[in-house]
$ cat target11.cif   # mmCIF, C-alpha atoms
data_data
#
loop_
_atom_site.label_atom_id
_atom_site.label_comp_id
_atom_site.auth_asym_id
_atom_site.auth_seq_id
_atom_site.Cartn_x
_atom_site.Cartn_y
_atom_site.Cartn_z
CA MET A 1 0.00 0.00 0.00
CA ILE A 2 1.50 3.33 -1.04
CA SER A 3 1.56 6.45 1.14
CA ILE A 4 1.55 10.20 0.60
CA ARG A 5 5.34 10.07 0.58
CA GLU A 6 5.40 8.12 -2.70
CA ILE A 7 3.05 10.67 -4.28
CA GLN A 8 5.17 13.59 -3.12
CA GLU A 9 8.29 11.90 -4.51
CA ALA A 10 6.47 11.26 -7.78
CA ARG A 11 5.54 14.94 -7.97
CA ASP A 12 9.19 15.93 -7.65
CA ARG A 13 10.23 13.22 -10.11
CA ILE A 14 7.91 14.25 -12.96
CA GLU A 15 8.19 18.00 -12.35
CA GLY A 16 8.76 19.87 -15.60
CA ALA A 17 8.05 16.88 -17.85
CA VAL A 18 4.29 16.72 -17.23
CA MET A 19 2.14 19.82 -17.51
CA ARG A 20 0.77 21.42 -14.36
CA THR A 21 -2.69 21.78 -15.88
CA PRO A 22 -4.89 24.78 -15.10
CA CYS A 23 -7.84 24.55 -12.74
CA PRO A 24 -9.96 27.66 -13.42
CA GLN A 25 -13.26 28.55 -11.84
CA SER A 26 -16.30 28.48 -14.11
CA ASN A 27 -19.05 30.81 -12.91
CA THR A 28 -21.49 29.62 -15.58
CA LEU A 29 -21.03 25.91 -14.92
CA GLY A 30 -21.15 26.64 -11.20
CA GLU A 31 -24.53 28.30 -11.56
CA LEU A 32 -25.84 25.26 -13.42
CA CYS A 33 -24.59 22.97 -10.64
CA ASP A 34 -25.49 25.23 -7.67
CA CYS A 35 -21.91 25.28 -6.41
CA GLU A 36 -18.57 27.08 -6.75
CA LEU A 37 -17.13 24.95 -9.52
CA TYR A 38 -13.56 24.59 -10.78
CA VAL A 39 -12.43 22.52 -13.76
CA LYS A 40 -9.13 20.59 -13.59
CA MET A 41 -8.15 20.39 -17.27
CA GLU A 42 -6.08 17.24 -17.66
CA ASN A 43 -7.26 17.18 -21.29
CA LEU A 44 -4.56 19.79 -21.94
CA GLN A 45 -1.69 17.38 -21.30
CA MET A 46 0.59 16.76 -24.30
CA THR A 47 -1.10 13.45 -25.16
CA GLY A 48 -4.54 14.63 -24.07
CA SER A 49 -5.01 12.90 -20.71
CA PHE A 50 -3.80 12.42 -17.13
CA LYS A 51 -2.23 9.06 -18.02
CA GLU A 52 1.14 10.72 -18.59
CA ARG A 53 1.59 11.22 -14.85
CA GLY A 54 1.57 7.56 -13.89
CA SER A 55 3.34 6.34 -17.03
CA LEU A 56 6.25 8.74 -16.59
CA ASN A 57 6.65 7.99 -12.90
CA ARG A 58 6.77 4.27 -13.67
CA LEU A 59 9.36 4.75 -16.44
CA LEU A 60 11.60 6.90 -14.27
CA LEU A 61 11.68 4.19 -11.59
CA LEU A 62 12.98 1.49 -13.97
CA ASP A 63 16.51 0.21 -13.45
CA GLU A 64 19.00 0.66 -16.27
CA GLN A 65 18.66 -2.89 -17.57
CA SER A 66 14.86 -2.58 -17.80
CA LYS A 67 15.21 0.75 -19.59
CA THR A 68 17.48 -0.89 -22.14
CA GLU A 69 15.26 -3.94 -22.66
CA GLY A 70 12.09 -1.84 -22.95
CA VAL A 71 8.51 -1.77 -21.76
CA ILE A 72 5.22 -3.20 -22.98
CA ALA A 73 1.59 -2.34 -22.28
CA ALA A 74 -1.91 -3.17 -23.46
CA SER A 75 -4.17 -0.23 -24.21
CA ALA A 76 -6.73 1.03 -26.69
CA GLY A 77 -6.15 4.69 -26.00
CA ASN A 78 -4.78 7.13 -23.44
CA HIS A 79 -2.39 4.80 -21.61
CA ALA A 80 -0.82 3.87 -24.94
CA LEU A 81 -0.31 7.50 -25.88
CA GLY A 82 1.10 8.59 -22.54
CA LEU A 83 3.50 5.67 -22.21
CA ALA A 84 4.67 5.85 -25.85
CA TYR A 85 5.32 9.61 -25.67
CA HIS A 86 7.45 9.55 -22.52
CA ALA A 87 9.23 6.31 -23.47
CA GLN A 88 10.30 7.95 -26.73
CA ARG A 89 11.41 11.09 -24.88
CA LEU A 90 13.52 8.99 -22.48
CA GLY A 91 14.90 6.69 -25.17
CA ILE A 92 13.18 3.58 -23.80
CA PRO A 93 11.87 1.06 -26.37
CA ALA A 94 8.09 0.64 -26.05
CA THR A 95 5.68 -1.95 -27.42
CA ILE A 96 1.95 -1.33 -27.20
CA VAL A 97 -0.55 -4.12 -27.86
CA MET A 98 -3.85 -2.64 -29.03
CA PRO A 99 -7.12 -4.36 -29.96
CA LYS A 100 -7.64 -4.84 -33.69
CA ARG A 101 -10.61 -2.47 -33.52
CA ALA A 102 -8.77 0.32 -31.71
CA PRO A 103 -9.47 3.76 -33.23
CA LEU A 104 -7.12 4.32 -36.16
CA ILE A 105 -6.21 7.82 -34.98
CA LYS A 106 -4.95 6.45 -31.64
CA VAL A 107 -3.00 3.68 -33.37
CA GLU A 108 -1.41 6.27 -35.66
CA TYR A 109 -0.47 8.62 -32.84
CA THR A 110 0.97 5.78 -30.74
CA ARG A 111 3.22 4.86 -33.67
CA ARG A 112 4.07 8.51 -34.20
CA TYR A 113 5.36 8.63 -30.63
CA GLY A 114 7.83 5.89 -31.56
CA ALA A 115 6.19 2.80 -30.08
CA GLU A 116 5.93 -0.53 -31.84
CA VAL A 117 2.21 -1.25 -32.16
CA VAL A 118 0.94 -4.82 -32.18
CA LEU A 119 -2.73 -5.30 -33.09
CA ALA A 120 -4.16 -8.36 -31.36
CA GLY A 121 -7.56 -9.47 -30.10
CA ASP A 122 -11.00 -7.97 -30.37
CA ASN A 123 -10.96 -6.21 -26.97
CA TYR A 124 -8.65 -5.00 -24.20
CA ASP A 125 -8.63 -8.32 -22.33
CA GLU A 126 -7.45 -10.25 -25.39
CA ALA A 127 -4.86 -7.57 -26.17
CA CYS A 128 -3.63 -7.80 -22.58
CA GLU A 129 -3.18 -11.57 -22.88
CA GLU A 130 -0.98 -11.04 -25.94
CA ALA A 131 0.99 -8.31 -24.15
CA ARG A 132 1.70 -10.66 -21.25
CA ARG A 133 2.85 -13.36 -23.68
CA LEU A 134 5.20 -10.94 -25.45
CA GLN A 135 6.46 -9.64 -22.11
CA LYS A 136 7.73 -13.09 -21.14
CA LYS A 137 9.05 -13.87 -24.60
CA LYS A 138 11.01 -10.63 -25.02
CA ARG A 139 11.84 -10.00 -21.32
CA LEU A 140 10.07 -6.65 -21.27
CA THR A 141 8.66 -4.73 -18.31
CA PHE A 142 4.86 -4.66 -18.27
CA VAL A 143 3.37 -1.27 -17.38
CA HIS A 144 -0.19 -1.70 -16.16
CA PRO A 145 -2.60 1.16 -16.94
CA PHE A 146 -3.84 1.43 -13.35
CA ASP A 147 -2.98 -1.50 -11.05
CA ASP A 148 0.62 -0.51 -10.33
CA GLU A 149 1.84 1.36 -7.26
CA ALA A 150 4.17 3.67 -9.23
CA VAL A 151 1.34 4.47 -11.67
CA ILE A 152 -1.07 5.16 -8.80
CA ALA A 153 1.48 7.46 -7.15
CA GLY A 154 1.98 9.33 -10.41
CA GLN A 155 -1.75 9.84 -10.87
CA GLY A 156 -1.97 11.08 -7.28
CA THR A 157 0.19 14.10 -8.16
CA MET A 158 -2.94 15.62 -9.67
CA GLY A 159 -4.53 15.64 -6.22
CA LEU A 160 -1.63 17.62 -4.78
CA GLU A 161 -1.95 20.15 -7.62
CA ILE A 162 -5.66 20.60 -6.95
CA LEU A 163 -5.00 21.37 -3.27
CA ASP A 164 -2.43 24.00 -4.29
CA GLN A 165 -4.63 25.56 -6.98
CA VAL A 166 -7.96 25.65 -5.13
CA PRO A 167 -7.44 26.59 -1.48
CA GLY A 168 -10.35 25.49 0.67
CA VAL A 169 -11.64 22.95 -1.86
CA GLU A 170 -14.46 20.97 -0.25
CA ALA A 171 -15.11 18.22 -2.81
CA VAL A 172 -13.20 16.65 -5.70
CA LEU A 173 -15.09 14.68 -8.37
CA VAL A 174 -13.00 12.11 -10.25
CA PRO A 175 -13.77 9.67 -13.11
CA VAL A 176 -13.46 5.99 -12.20
CA GLY A 177 -12.38 3.18 -14.48
CA GLY A 178 -9.82 0.75 -13.09
CA GLY A 179 -9.29 3.08 -10.13
CA GLY A 180 -5.74 4.38 -10.64
CA LEU A 181 -6.62 8.08 -10.83
CA ILE A 182 -9.13 8.15 -7.99
CA ALA A 183 -6.97 5.93 -5.74
CA GLY A 184 -3.97 8.21 -6.08
CA THR A 185 -6.00 11.42 -5.94
CA ALA A 186 -8.02 10.36 -2.90
CA LEU A 187 -4.91 9.29 -1.01
CA ALA A 188 -3.19 12.60 -1.78
CA VAL A 189 -6.19 14.75 -0.88
CA LYS A 190 -7.18 12.88 2.28
CA SER A 191 -3.59 12.80 3.56
CA VAL A 192 -3.38 16.60 3.42
CA ARG A 193 -7.04 17.59 3.83
CA PRO A 194 -9.01 14.81 5.57
CA ASP A 195 -12.15 16.99 5.64
CA CYS A 196 -12.26 17.35 1.83
CA LYS A 197 -14.69 14.94 0.17
CA VAL A 198 -13.54 12.80 -2.76
CA PHE A 199 -16.24 11.28 -4.94
CA GLY A 200 -15.89 8.92 -7.86
CA VAL A 201 -18.10 8.86 -10.94
CA GLU A 202 -18.63 5.89 -13.24
CA ALA A 203 -20.63 5.35 -16.41
CA SER A 204 -23.73 3.32 -15.53
CA ALA A 205 -22.86 1.02 -18.45
CA ALA A 206 -19.58 0.03 -16.75
CA ALA A 207 -20.00 0.36 -12.98
CA SER A 208 -17.24 -2.05 -11.92
CA MET A 209 -16.13 -0.04 -8.85
CA CYS A 210 -19.69 0.18 -7.51
CA GLU A 211 -19.98 -3.59 -7.90
CA ALA A 212 -16.65 -4.11 -6.17
CA LEU A 213 -17.59 -1.91 -3.20
CA ASP A 214 -20.93 -3.69 -2.83
CA ALA A 215 -19.20 -7.09 -2.86
CA GLY A 216 -16.25 -6.01 -0.71
CA GLN A 217 -13.72 -7.05 -3.34
CA PRO A 218 -13.04 -6.61 -7.09
CA GLN A 219 -15.54 -8.37 -9.34
CA THR A 220 -15.48 -9.11 -13.05
CA VAL A 221 -18.60 -7.46 -14.44
CA GLY A 222 -20.22 -7.15 -17.82
CA THR A 223 -20.01 -3.80 -19.58
CA GLU A 224 -22.13 -2.21 -22.28
CA ALA A 225 -21.12 0.18 -25.05
CA THR A 226 -20.59 3.66 -23.63
CA THR A 227 -19.45 7.09 -24.72
CA ALA A 228 -17.11 6.92 -21.72
CA ASP A 229 -15.05 4.11 -23.27
CA GLY A 230 -11.92 5.26 -21.41
CA ILE A 231 -13.40 4.05 -18.10
CA ALA A 232 -15.25 0.98 -19.38
CA VAL A 233 -13.25 -1.48 -17.27
CA LYS A 234 -14.61 -4.95 -16.42
CA ARG A 235 -12.58 -5.38 -13.24
CA VAL A 236 -11.00 -2.76 -11.00
CA GLY A 237 -7.48 -3.18 -9.71
CA ASP A 238 -6.49 -5.32 -6.74
CA LYS A 239 -4.15 -2.51 -5.67
CA THR A 240 -6.54 0.36 -6.40
CA PHE A 241 -9.59 -1.16 -4.69
CA PRO A 242 -8.40 -0.99 -1.04
CA LEU A 243 -7.29 2.62 -1.50
CA VAL A 244 -10.69 3.54 -2.93
CA ALA A 245 -12.52 1.64 -0.18
CA GLU A 246 -10.52 3.47 2.51
CA HIS A 247 -10.32 7.01 1.16
CA VAL A 248 -13.22 7.67 -1.25
CA ASP A 249 -16.45 9.08 0.19
CA GLY A 250 -18.79 7.64 -2.43
CA ILE A 251 -19.23 6.47 -6.02
CA VAL A 252 -22.14 7.45 -8.28
CA THR A 253 -23.04 6.68 -11.89
CA VAL A 254 -24.27 8.74 -14.83
CA ASP A 255 -26.04 7.55 -17.98
CA GLU A 256 -25.24 8.12 -21.65
CA GLU A 257 -27.54 11.10 -22.15
CA GLU A 258 -26.11 12.82 -19.09
CA ILE A 259 -22.55 12.23 -20.33
CA ALA A 260 -23.37 13.60 -23.79
CA ASN A 261 -24.98 16.69 -22.29
CA ALA A 262 -21.92 17.32 -20.11
CA ILE A 263 -19.57 17.03 -23.11
CA LEU A 264 -21.66 19.55 -25.02
CA LEU A 265 -21.79 22.09 -22.18
CA LEU A 266 -18.05 21.84 -21.52
CA LEU A 267 -17.46 22.52 -25.21
CA GLU A 268 -19.98 25.33 -25.49
CA ILE A 269 -19.39 27.10 -22.17
CA GLU A 270 -15.79 26.33 -21.21
CA LYS A 271 -14.58 25.97 -24.83
CA THR A 272 -12.82 22.74 -23.84
CA VAL A 273 -13.07 19.35 -25.53
CA SER A 274 -13.69 16.42 -23.21
CA GLU A 275 -13.92 12.74 -23.99
CA GLY A 276 -16.78 10.81 -22.43
CA ALA A 277 -14.73 9.56 -19.50
CA GLY A 278 -13.53 13.09 -18.78
CA ALA A 279 -17.04 14.52 -18.66
CA VAL A 280 -18.57 12.17 -16.09
CA PRO A 281 -17.63 14.24 -12.99
CA PHE A 282 -19.30 17.34 -14.43
CA ALA A 283 -22.32 15.22 -15.44
CA ALA A 284 -22.67 14.06 -11.84
CA ALA A 285 -22.59 17.65 -10.56
CA LEU A 286 -24.88 18.93 -13.32
CA PHE A 287 -27.57 16.32 -12.69
CA HIS A 288 -27.25 16.58 -8.90
CA LYS A 289 -26.06 13.03 -8.28
CA LEU A 290 -24.04 14.28 -5.30
CA GLU A 291 -24.63 16.68 -2.43
CA VAL A 292 -22.38 19.54 -3.54
CA LYS A 293 -24.78 22.49 -3.36
CA GLY A 294 -22.97 25.60 -2.16
CA ARG A 295 -19.62 23.81 -1.89
CA ARG A 296 -16.28 24.61 -3.50
CA VAL A 297 -15.99 21.75 -5.99
CA VAL A 298 -13.37 20.57 -8.49
CA CYS A 299 -14.49 18.47 -11.46
CA VAL A 300 -11.63 16.59 -13.13
CA VAL A 301 -11.75 16.58 -16.94
CA SER A 302 -9.39 13.63 -17.21
CA GLY A 303 -8.96 13.55 -21.00
CA GLY A 304 -9.94 15.07 -24.33
CA ASN A 305 -9.23 12.31 -26.83
CA ILE A 306 -12.64 11.95 -28.42
CA ASP A 307 -13.31 10.84 -31.99
CA VAL A 308 -14.51 13.84 -34.02
CA ASN A 309 -17.34 11.80 -35.56
CA ILE A 310 -18.65 10.91 -32.11
CA LEU A 311 -18.28 14.53 -31.03
CA ALA A 312 -20.32 15.65 -34.07
CA ARG A 313 -23.12 13.22 -33.14
CA ILE A 314 -23.07 14.37 -29.53
CA ILE A 315 -23.35 18.01 -30.60
CA GLU A 316 -26.27 17.18 -32.88
CA LYS A 317 -28.12 15.16 -30.24
CA GLY A 318 -27.48 17.89 -27.66
CA LEU A 319 -28.92 20.55 -29.95
CA ILE A 320 -32.01 18.39 -30.52
CA LYS A 321 -32.41 17.81 -26.77
CA ASP A 322 -32.20 21.56 -26.13
CA GLY A 323 -34.73 22.29 -28.86
CA ARG A 324 -32.21 24.26 -30.90
CA LEU A 325 -32.36 21.74 -33.74
CA ALA A 326 -35.66 20.16 -34.77
CA ARG A 327 -36.84 17.74 -37.42
CA PHE A 328 -40.45 17.26 -38.46
CA SER A 329 -42.59 16.36 -41.45
CA LEU A 330 -45.91 17.61 -42.80
CA VAL A 331 -48.10 17.04 -45.85
CA LEU A 332 -48.56 19.83 -48.40
CA ARG A 333 -50.69 20.16 -51.49
CA ASP A 334 -48.31 19.52 -54.38
CA VAL A 335 -49.02 22.80 -56.13
CA PRO A 336 -46.96 25.92 -56.90
CA GLY A 337 -46.68 28.27 -53.92
CA ALA A 338 -47.59 25.76 -51.18
CA LEU A 339 -44.02 25.31 -50.01
CA ALA A 340 -43.27 29.03 -50.37
CA SER A 341 -46.09 29.98 -48.01
CA LEU A 342 -44.81 27.53 -45.39
CA THR A 343 -41.18 28.62 -45.61
CA GLN A 344 -42.23 32.25 -45.43
CA MET A 345 -44.15 31.51 -42.25
CA LEU A 346 -41.12 29.77 -40.73
CA ALA A 347 -38.92 32.73 -41.69
CA GLN A 348 -41.33 35.18 -40.04
CA MET A 349 -41.10 33.15 -36.82
CA GLY A 350 -37.29 33.31 -36.86
CA ALA A 351 -36.61 29.66 -37.75
CA ASN A 352 -33.56 28.95 -39.89
CA ILE A 353 -34.23 26.15 -42.40
CA MET A 354 -31.25 23.77 -42.61
CA GLU A 355 -32.70 21.12 -44.90
CA ILE A 356 -35.84 20.39 -46.95
CA ARG A 357 -36.64 17.07 -48.60
CA HIS A 358 -39.72 16.13 -50.64
CA GLU A 359 -41.35 12.70 -50.69
CA ARG A 360 -44.12 11.99 -53.19
CA ASP A 361 -44.26 8.19 -53.41
CA SER A 362 -45.65 7.26 -49.98
CA ASN A 363 -48.78 5.13 -49.99
CA ASP A 364 -50.41 7.15 -47.21
CA ILE A 365 -50.58 10.46 -49.12
CA GLY A 366 -52.76 11.49 -52.05
CA LEU A 367 -51.67 11.88 -55.65
CA SER A 368 -51.84 15.67 -55.34
CA GLU A 369 -49.92 15.76 -52.06
CA ALA A 370 -46.28 15.70 -50.99
CA ARG A 371 -44.70 14.94 -47.65
CA VAL A 372 -41.99 17.48 -46.83
CA HIS A 373 -39.26 16.82 -44.26
CA PHE A 374 -37.75 19.85 -42.51
CA GLU A 375 -34.69 20.41 -40.34
CA ILE A 376 -34.68 23.81 -38.67
CA GLU A 377 -32.58 25.79 -36.22
CA THR A 378 -34.35 27.62 -33.39
CA LYS A 379 -33.41 29.72 -30.38
CA GLY A 380 -34.30 26.95 -27.95
CA ALA A 381 -37.11 24.83 -26.52
CA CYS A 382 -39.51 27.73 -25.89
CA HIS A 383 -38.99 29.10 -29.41
CA LEU A 384 -39.55 25.62 -30.89
CA ALA A 385 -42.77 25.17 -28.92
CA GLU A 386 -43.98 28.54 -30.20
CA ILE A 387 -43.19 27.56 -33.82
CA LYS A 388 -45.02 24.25 -33.55
CA SER A 389 -48.03 25.89 -31.91
CA LYS A 390 -48.36 28.52 -34.64
CA LEU A 391 -47.95 25.96 -37.43
CA GLU A 392 -50.68 23.78 -35.95
CA ALA A 393 -52.93 26.81 -35.42
CA ALA A 394 -52.50 27.60 -39.12
CA GLY A 395 -53.75 24.11 -40.01
CA TRP A 396 -50.48 22.29 -40.56
CA LYS A 397 -50.30 18.80 -39.06
CA LEU A 398 -46.77 18.06 -37.80
CA MET A 399 -45.47 14.51 -37.74
CA PRO A 400 -42.17 12.97 -36.58
CA PHE A 401 -39.34 13.09 -39.12
#
$ encode --input "target11.cif" --output "structure tokens"
Amino acid sequence: MISIREIQEARDRIEGAVMRTPCPQSNTLGELCDCELYVKMENLQMTGSFKERGSLNRLLLLDEQSKTEGVIAASAGNHALGLAYHAQRLGIPATIVMPKRAPLIKVEYTRRYGAEVVLAGDNYDEACEEARRLQKKKRLTFVHPFDDEAVIAGQGTMGLEILDQVPGVEAVLVPVGGGGLIAGTALAVKSVRPDCKVFGVEASAAASMCEALDAGQPQTVGTEATTADGIAVKRVGDKTFPLVAEHVDGIVTVDEEEIANAILLLLEIEKTVSEGAGAVPFAAALFHKLEVKGRRVVCVVSGGNIDVNILARIIEKGLIKDGRLARFSLVLRDVPGALASLTQMLAQMGANIMEIRHERDSNDIGLSEARVHFEIETKGACHLAEIKSKLEAAGWKLMPF
């Protein structure tokens, strides 16, 4: 079991090589969450996540022979990037085993950082099996993404930074996957400020730490597809679990819609890009999953490595949820001027038409009719309700897209 001493030594060890990320206050997000809210932006690290802290600390503790022989890890994302980047910087050979279906952009960047990438297996567990096989065959040092004392100590340096940056902090909200970040952070925070609360947040689709705490020991659980893929871990660490059980004040979960909404608000209000795993603490505060009203709270945005296609879908769904983007259909007489009168009415109400599509071959409309599909931009839910009400009052029957 590690102590605060190991975290303090890790802080000194990685000083200058890992960014001391900002932790600004956000008045707007705080108003939404009914608290004094600060955002710890680990997404601004060189490789886009907090994983650099633990990876670098582990690399710096290797003996000379291990540095020469090299390291190996299994990862589909942030751990691969963080380890590959610092191994290259230190001149240590690195091999990363990634699932065959790992995002191409992460595979490319891992190679760009100088690591040898081996694609094996359909998921992390199968990739990890191959990494362990190669470790024995090539006499490499395996660097676990979370269940390693040096990695935990490195992640805990973030907790010390938060205490320095936000004097009087009363609660820290941390994403939970395998438990490395929250174990290190909670140990650091509680060792210095025992009165400060530390809460973990999981995706409801992958609540392995909640299951472990309920059972009193790590459990292998089933996971579902989630936007927070970075914390979709089937089994928490044997080393991280006791630290979480001792030092963390509670674990809550958030669902997919809540995560997506948090990503959108962080982008729109704070102008910062968060991956799903990084947005779960803010989602918990936003949807009042924890008692933080009136408190000085830090939400950790642990990473920003999100696929741009997923981000585009999240933005679109968020706009629809807020009523700022709407899709509907209605039936028009298929005669000159019918569409013009409708679009003119929409223009007068301040709706911006994004797309129009005609459909004339449906069996449920007459020969002289056309179904028209609209996508419009509005000012929000109230404006959309007003538009729909006026259209229906004018005799138009709105149907789902």
$ closest_residue --input "target11.cif" --among "A:Leu160, A:Val39, A:Ala225, A:Leu56" --to "Arg13 (chain A)" --atoms "all atoms listed in the file"
A:Leu56
$ resolve_selection --input "target11.cif" --expression "the PyMOL selection byres ((chain A and resi 107-118) around 10)" --output "ChimeraX atom specification"
/A:47,71-74,76-89,91-106,119-121,127,130-131
$ closest_residue --input "target11.cif" --among "A:Leu163, A:Gln45, A:Lys397, A:Asp34" --to "Val292 (chain A)" --atoms "all atoms listed in the file"
A:Asp34
$ residues_around --input "target11.cif" --residues "Gly168 (chain A)" --least-positions-apart "6" --cutoff "12 Å" --atoms "all atoms listed in the file" --output "MDAnalysis selection string"
chainID A and resid 36 38 162 189 192:197 295:298
$ atom_distance --input "target11.cif" --atom1 "CA of Asp364 (chain A)" --atom2 "CA of Ala338 (chain A)"
19.2 Å
$ closest_residue --input "target11.cif" --among "A:Asp229, A:Asp148, A:Glu291, A:Glu375" --to "Asp307 (chain A)" --atoms "all atoms listed in the file"
A:Asp229
$ resolve_selection --input "target11.cif" --expression "the PyMOL selection byres ((chain A and resi 369) around 9)" --output "NGL selection string"
:A and (331-335 or 360 or 365-368 or 370-371)
$ write_last_selection --input "target11.cif" --atoms "C-alpha atoms" --output "mmCIF file, in the frame of the given file"
data_model
loop_
_atom_site.group_PDB
_atom_site.id
_atom_site.type_symbol
_atom_site.label_atom_id
_atom_site.label_comp_id
_atom_site.auth_asym_id
_atom_site.auth_seq_id
_atom_site.Cartn_x
_atom_site.Cartn_y
_atom_site.Cartn_z
ATOM 1 C CA VAL A 331 -48.100 17.040 -45.850
ATOM 2 C CA LEU A 332 -48.560 19.830 -48.400
ATOM 3 C CA ARG A 333 -50.690 20.160 -51.490
ATOM 4 C CA ASP A 334 -48.310 19.520 -54.380
ATOM 5 C CA VAL A 335 -49.020 22.800 -56.130
ATOM 6 C CA ARG A 360 -44.120 11.990 -53.190
ATOM 7 C CA ILE A 365 -50.580 10.460 -49.120
ATOM 8 C CA GLY A 366 -52.760 11.490 -52.050
ATOM 9 C CA LEU A 367 -51.670 11.880 -55.650
ATOM 10 C CA SER A 368 -51.840 15.670 -55.340
ATOM 11 C CA ALA A 370 -46.280 15.700 -50.990
ATOM 12 C CA ARG A 371 -44.700 14.940 -47.650
#
